[in-house]
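A short worksheet on the structure shown next.
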Amino acid sequence: MTRIASEELIERLAAWGVDTVYGLPGDGINGIMEGLRRHADRVRFVLVHHEEAAAFMAAAHAKATGRIGVCLATSGPGGIHLLNGLYDAKLDHQPVLAITGQQETSVLGTGYQQEVNLEQLYADVAEYNLTVTNPAQLPGVVDIAIRTAYARRGVAHLCLPNDVQVADADADPFQHVAPARPPATAPIYLPAPGRPREEDLRAAAEVLDAGTRIAILAGAGALHAREEVLAVAEKLGAPVIKTLPGKAVIPDDSPYAVGGIGLLGTRPGEELVEDCDTLLMVGTNFPYTKHLPEPGKTRVVQIEADPARAGVRMPTQVPMIGDAREALAALLPLLTRHEDRGHLAKYQKAMAGWREDMAALESAGRHPIAPQYLMSVVDRAAADDAILTCDSGTIATWAARHWTIRGDRRFYLSGNLASMAPGLPYAIAVQHAFPGRQVIAYIGDGGFAMLMAEFLTAARHRLPVKVVINNNDSLGQILWEQMVLGYPEHGVRFGEPASDFSGWARSCGAYGRKITDPGEVDAAVREALAYDGPALLDVAVNPDEPPMPGKVSYEQAKKFAQAFLKGQPRKASIATTLFKDKLSQFGR
């Protein structure tokens with residue numbers, strides 16, 4: 001049997017440690033599919049129902065494992081569908097390789113069916129972007145593409161025309177006229193040293209030692225540096241704020257944790273940002289500058305892997321370039337222990353009050369079901385090494401505040417792209433990567449409806465993912481954003497008939513149950529988590545529960561009131577919900 005170029009591609013992926021490719025076949029990649037078939041013992045192909053989901057799965061694989069994620073799509077529309085998931089990888093700095101098909105080289109440029117210039121289309125999303133036109137380019141360009149994706153923490157794209165895919169693997173059909181030959185490369189990547197320069201470490205220690213009200217802001221780049229973050233926090237007496245993608249950096253019950261930052265953050269986190277005189281930013285490029293300290297009021301030390309991102313959000317006295325774990329480990333012995341714990345104690349007390357406020361909202365007696373209660377039940381019932389994936393929207397607020405990081409729990413969502421619909425594909429990819437772990441997708445009805453076919457993917461691959469739908473029959477986040485701008489809501493509620501996705505789950509041969517009674521939530525969650533296979537709970541929650549900021553500004557309150565005065569629908573129900581929230585907190 002003739003060895004084809006696609007085999008060279010798949011064999012090289014395997015040499016890089018790739019064991020899974022997510023995708024959807026098509027006539028533009030039949031040669032690549034044949035390469036996968038011939039090497040199915042080394043690289044498994046996971047058939048999905050939408051290419052967007054395949055790209056989300058590749059991004060989630062990279063986030064959860066630290067290894068490159070790979071997705072595959074056919075020419076034209078298939079390649080176009082990958083883009084949203086690839087932008088998720090790009091914006092969250094995850095190494096992903098996208099492989100797409102193309103019409104054969106003899107008809108390129110003639111307007112042939114499904115001829116889309118994918119190389120041009122991917123010019124913005126990809127760090128490495130190439131259409132392979134000669135089998136002799138393989139496997140060298142595979143090595144370069146993967147190495148680039150790792151080094152630049154982003155997307156690489158290889159586009160293979162049909163005829164190249166099935167050509168003889170050793171074919172080199174063109175005359176060589178340049179003094180060159182295809183490079184001989186190796187499937188090896190060695191990351192750059194992660195320890196910052198000694199002079200930068202000493203300068204950072206000097207700034208931090210001089211601080212009296214120090215805060216640490218930790219992001220996703222510090223997820224692998226939990227012990228180092230905690231050790232520096234202890235030495236400096238510094239409370240730790242976490243970005244949402246960095247939620248799992250330290251446990252939520254740590255004496256140094258003050259929760260999140262921004263609209264989804266905590267009141268103590270917001271107050272700490274306003275109060276600190278020194279800020280240590282670790283592994284974060286937090287984009288919402290309105291929620292960072294006023295420039296010039298706080299001295300900033302930053303640990304950042306990419307020199308281009310250091311200091312782009314705030315003036316930074318010492319931007320240290322390096323890996324979060326290595327940099328903190330090197331910095332720790334240079335720091336003087338801060339004996340005064342008054343600053344830390346102040347925020348420990350504030351966090352105790354915040355946790356009581358949040359617990360008061362987790363009421364089983366509220367009807368309709370409070371989304372805070374639903375998330376709290378999942379939190380209590382889930383394993384200490386459970387992995388939660390989350391969609392964008394109000395659900396991210398409930399997860400941020402009521403999903404507790406403890407033990408080896410993890411948490412993944414679309415951070416900077418904040419796309420709808422990745423929660424379920426993320427869960428599928430994470431379950432593939434960690435078959436022995438409990439994986440829960442906590443998603444909204446809007447996001448689930450977008451890619452709900454992937455629940456059938458989970459069922460067909462016998463993946464025991466658990467899906468909890470926070471169903472308010474609306475696009476909740478947009479609803480409240482409209483009101484905070486002072487506008488009555490418009491075009492954000494789906495209306496009748498109310499959705500019920502449990503029937504879809506049962507039709508897939510899985511567990512499915514609709515919950516409308518708060519008295520059924522606890523038992524249903526535990527039953528779903530214990531089910532041997534994929535399970536889905538569709539929980540009807542209060543559609544008028546607003547995801548209030550941790551600290552409400554005067555301007556936000558004024559705009560909210562203006563929306564009411566301009567004719568906000570359901571304002572009585574919203575006001576009643578807010579009143580009940582406050583009553584619960586006052587009565588705790």
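Convention: chains lettered A, B, ... in structure tokens order; per-chain residue numbering from 1; ligands numbered from 1 as shown.
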DSSP strand (DSSP E or B) selection over range 100-168 of chain A, as JSON, numbers by chain: {"A": [100, 101, 102, 126, 127, 128, 129, 130, 131, 155, 156, 157, 158, 159, 160, 161, 168]}
Give me the residues of range 158-242 of chain A that have any atom at most 8 Å from an atom of range 270-278 of chain A; for each, the nearest atom pair and the distance in Å, rounded to one decimal. Use only C-alpha atoms, sort by chain and number, and format it as a tab-separated table.
```
residue	atom	partner	partner_atom	distance
A:Val207	CA	A:Thr278	CA	7.9
A:Leu208	CA	A:Thr278	CA	6.9
A:Gly211	CA	A:Thr278	CA	5.5
A:Thr212	CA	A:Asp277	CA	6.9
A:Arg213	CA	A:Cys276	CA	4.9
A:Ile214	CA	A:Thr278	CA	4.7
A:Ala215	CA	A:Cys276	CA	6.1
```
Skip Tyr87 in chain A itself and residues of its chain fewer than 5 positions away, then list as a ChimeraX atom specification all residues within 9 Å of it, counting only C-alpha atoms. /A:82,92,125-126,155,417
Dump as a PDB file, in the first residue's frame, selection limited to N, CA and C atoms:
```
ATOM      1  N   LEU A  82     -14.599  26.787  12.021  1.00  0.00           N
ATOM      2  CA  LEU A  82     -13.617  26.661  13.099  1.00  0.00           C
ATOM      3  C   LEU A  82     -13.293  27.986  13.776  1.00  0.00           C
ATOM      4  N   ASP A  92      -7.073  33.600  24.577  1.00  0.00           N
ATOM      5  CA  ASP A  92      -6.661  33.045  25.868  1.00  0.00           C
ATOM      6  C   ASP A  92      -5.270  32.414  25.805  1.00  0.00           C
ATOM      7  N   VAL A 125      -6.048  35.244  12.903  1.00  0.00           N
ATOM      8  CA  VAL A 125      -6.158  34.352  14.059  1.00  0.00           C
ATOM      9  C   VAL A 125      -4.897  33.521  14.284  1.00  0.00           C
ATOM     10  N   ALA A 126      -4.108  33.300  13.236  1.00  0.00           N
ATOM     11  CA  ALA A 126      -3.016  32.326  13.316  1.00  0.00           C
ATOM     12  C   ALA A 126      -1.651  32.984  13.448  1.00  0.00           C
ATOM     13  N   VAL A 155      -2.471  30.078  17.854  1.00  0.00           N
ATOM     14  CA  VAL A 155      -3.005  29.168  16.843  1.00  0.00           C
ATOM     15  C   VAL A 155      -2.026  29.023  15.689  1.00  0.00           C
ATOM     16  N   LEU A 417     -12.342  36.043  24.954  1.00  0.00           N
ATOM     17  CA  LEU A 417     -13.338  36.097  23.894  1.00  0.00           C
ATOM     18  C   LEU A 417     -14.743  36.138  24.491  1.00  0.00           C
TER      19      LEU A 417
END
```
How far is it from CA of Ala5 in chain A to CA of Tyr112 in chain A, in Å with one decimal?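 Straight-line distance from CA of Ala5 in chain A to CA of Tyr112 in chain A works out to 23.2 Å.
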I'd like the neighbourhood of Asp408 in chain A as a list in words, where a residue qualifies if any of its atoms comes within 9 Å (using only C-alpha atoms), though same-chain residues fewer than 6 positions away should be ignored.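 Here the answer would be Ala248, Pro251, Asp384, Asp385, Ala386 and Ile387 of chain A.
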May I have the residues within 8 Å of Leu72 in chain A as a ChimeraX atom specification, using only C-alpha atoms and disregarding those fewer than 3 positions away in the same chain? /A:21-25,51,54,98-100
Pull N, CA and C atoms from the residues just selected and write them as a compact mmCIF listing (two decimals), in the first residue's frame.
```txt
# COMPACT_ATOMS: atom_id res chain seq x y z
N VAL A 21 -7.62 14.12 17.78
CA VAL A 21 -7.97 15.18 16.83
C VAL A 21 -9.49 15.29 16.82
N TYR A 22 -10.00 16.52 17.01
CA TYR A 22 -11.44 16.77 17.01
C TYR A 22 -11.84 17.35 15.66
N GLY A 23 -12.90 16.82 15.06
CA GLY A 23 -13.28 17.38 13.78
C GLY A 23 -14.50 16.76 13.14
N LEU A 24 -14.73 17.16 11.90
CA LEU A 24 -15.87 16.72 11.11
C LEU A 24 -15.36 16.45 9.69
N PRO A 25 -15.60 15.25 9.14
CA PRO A 25 -15.08 14.93 7.80
C PRO A 25 -15.76 15.75 6.71
N GLU A 51 -18.10 22.08 13.49
CA GLU A 51 -16.67 22.40 13.54
C GLU A 51 -16.33 23.43 14.62
N ALA A 54 -15.48 21.59 17.55
CA ALA A 54 -14.17 20.94 17.45
C ALA A 54 -13.06 21.90 17.85
N ALA A 98 -4.85 24.04 13.87
CA ALA A 98 -6.01 23.82 13.02
C ALA A 98 -5.53 23.26 11.69
N ILE A 99 -6.11 22.15 11.27
CA ILE A 99 -5.79 21.55 9.97
C ILE A 99 -7.03 21.62 9.11
N THR A 100 -6.90 22.19 7.93
CA THR A 100 -8.05 22.31 7.04
C THR A 100 -7.70 21.75 5.67
```
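Residues within 7 Å of Met281 in chain A, counting only C-alpha atoms and excluding same-chain residues fewer than 5 positions away, are Ile216, Leu217, Ala218, Val301, Gln302 and Ile303 of chain A.
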Against range 9-19 of chain A, which residues of range 56-109 of chain A fall within 12 Å? For each one I want the closest pair of atoms and the distance in Å (one decimal), counting only C-alpha atoms, rows by chain and increasing residue number, as a Markdown table.
```
| residue | atom | partner | partner_atom | distance |
| --- | --- | --- | --- | --- |
| A:Ala58 | CA | A:Val18 | CA | 11.1 |
| A:His61 | CA | A:Val18 | CA | 10.7 |
| A:Ala62 | CA | A:Val18 | CA | 11.0 |
| A:Thr65 | CA | A:Val18 | CA | 11.4 |
| A:Gly66 | CA | A:Gly17 | CA | 11.7 |
| A:Arg67 | CA | A:Val18 | CA | 8.1 |
| A:Ile68 | CA | A:Val18 | CA | 7.3 |
| A:Gly69 | CA | A:Val18 | CA | 7.7 |
| A:Val70 | CA | A:Val18 | CA | 7.7 |
| A:Cys71 | CA | A:Val18 | CA | 11.0 |
| A:Leu72 | CA | A:Ile10 | CA | 11.7 |
| A:Val96 | CA | A:Val18 | CA | 11.0 |
| A:Leu97 | CA | A:Leu13 | CA | 10.0 |
| A:Ala98 | CA | A:Leu13 | CA | 12.0 |
| A:Ile99 | CA | A:Leu9 | CA | 10.0 |
```
Nearby residues (only C-alpha atoms) at most 6 Å from range 253-266 of chain A, same-chain spacing under 4 positions excluded, as a ChimeraX atom specification: /A:239-243,291,351,397,549-550
Would you mind telling me which residue in A:Ala359, A:Leu529, A:Ile443, A:Val541 lies nearest to Gly512 in chain A when using only C-alpha atoms?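 Checking each candidate against Gly512 in chain A, we get A:Leu529 as the closest.
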Going by DSSP on the backbone, which residues of range 453-582 of chain A come out as helix (DSSP H, G or I)? List them as a ChimeraX atom specification. /A:453-460,476-484,502-507,518-530,554-565,571-582
Option closest in space to Asn84 in chain A, from A:Gly393, A:Gln113, A:Ile188, A:Ala418 [counting only C-alpha atoms]: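 Among A:Gly393, A:Gln113, A:Ile188, A:Ala418, it is A:Ala418 that comes nearest to Asn84 in chain A.
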Report the distance between CA of Leu47 in chain A and CA of Ala383 in chain A in Å, rounded to one decimal place.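 Spanning CA of Leu47 in chain A to CA of Ala383 in chain A is a straight-line distance of 28.8 Å.
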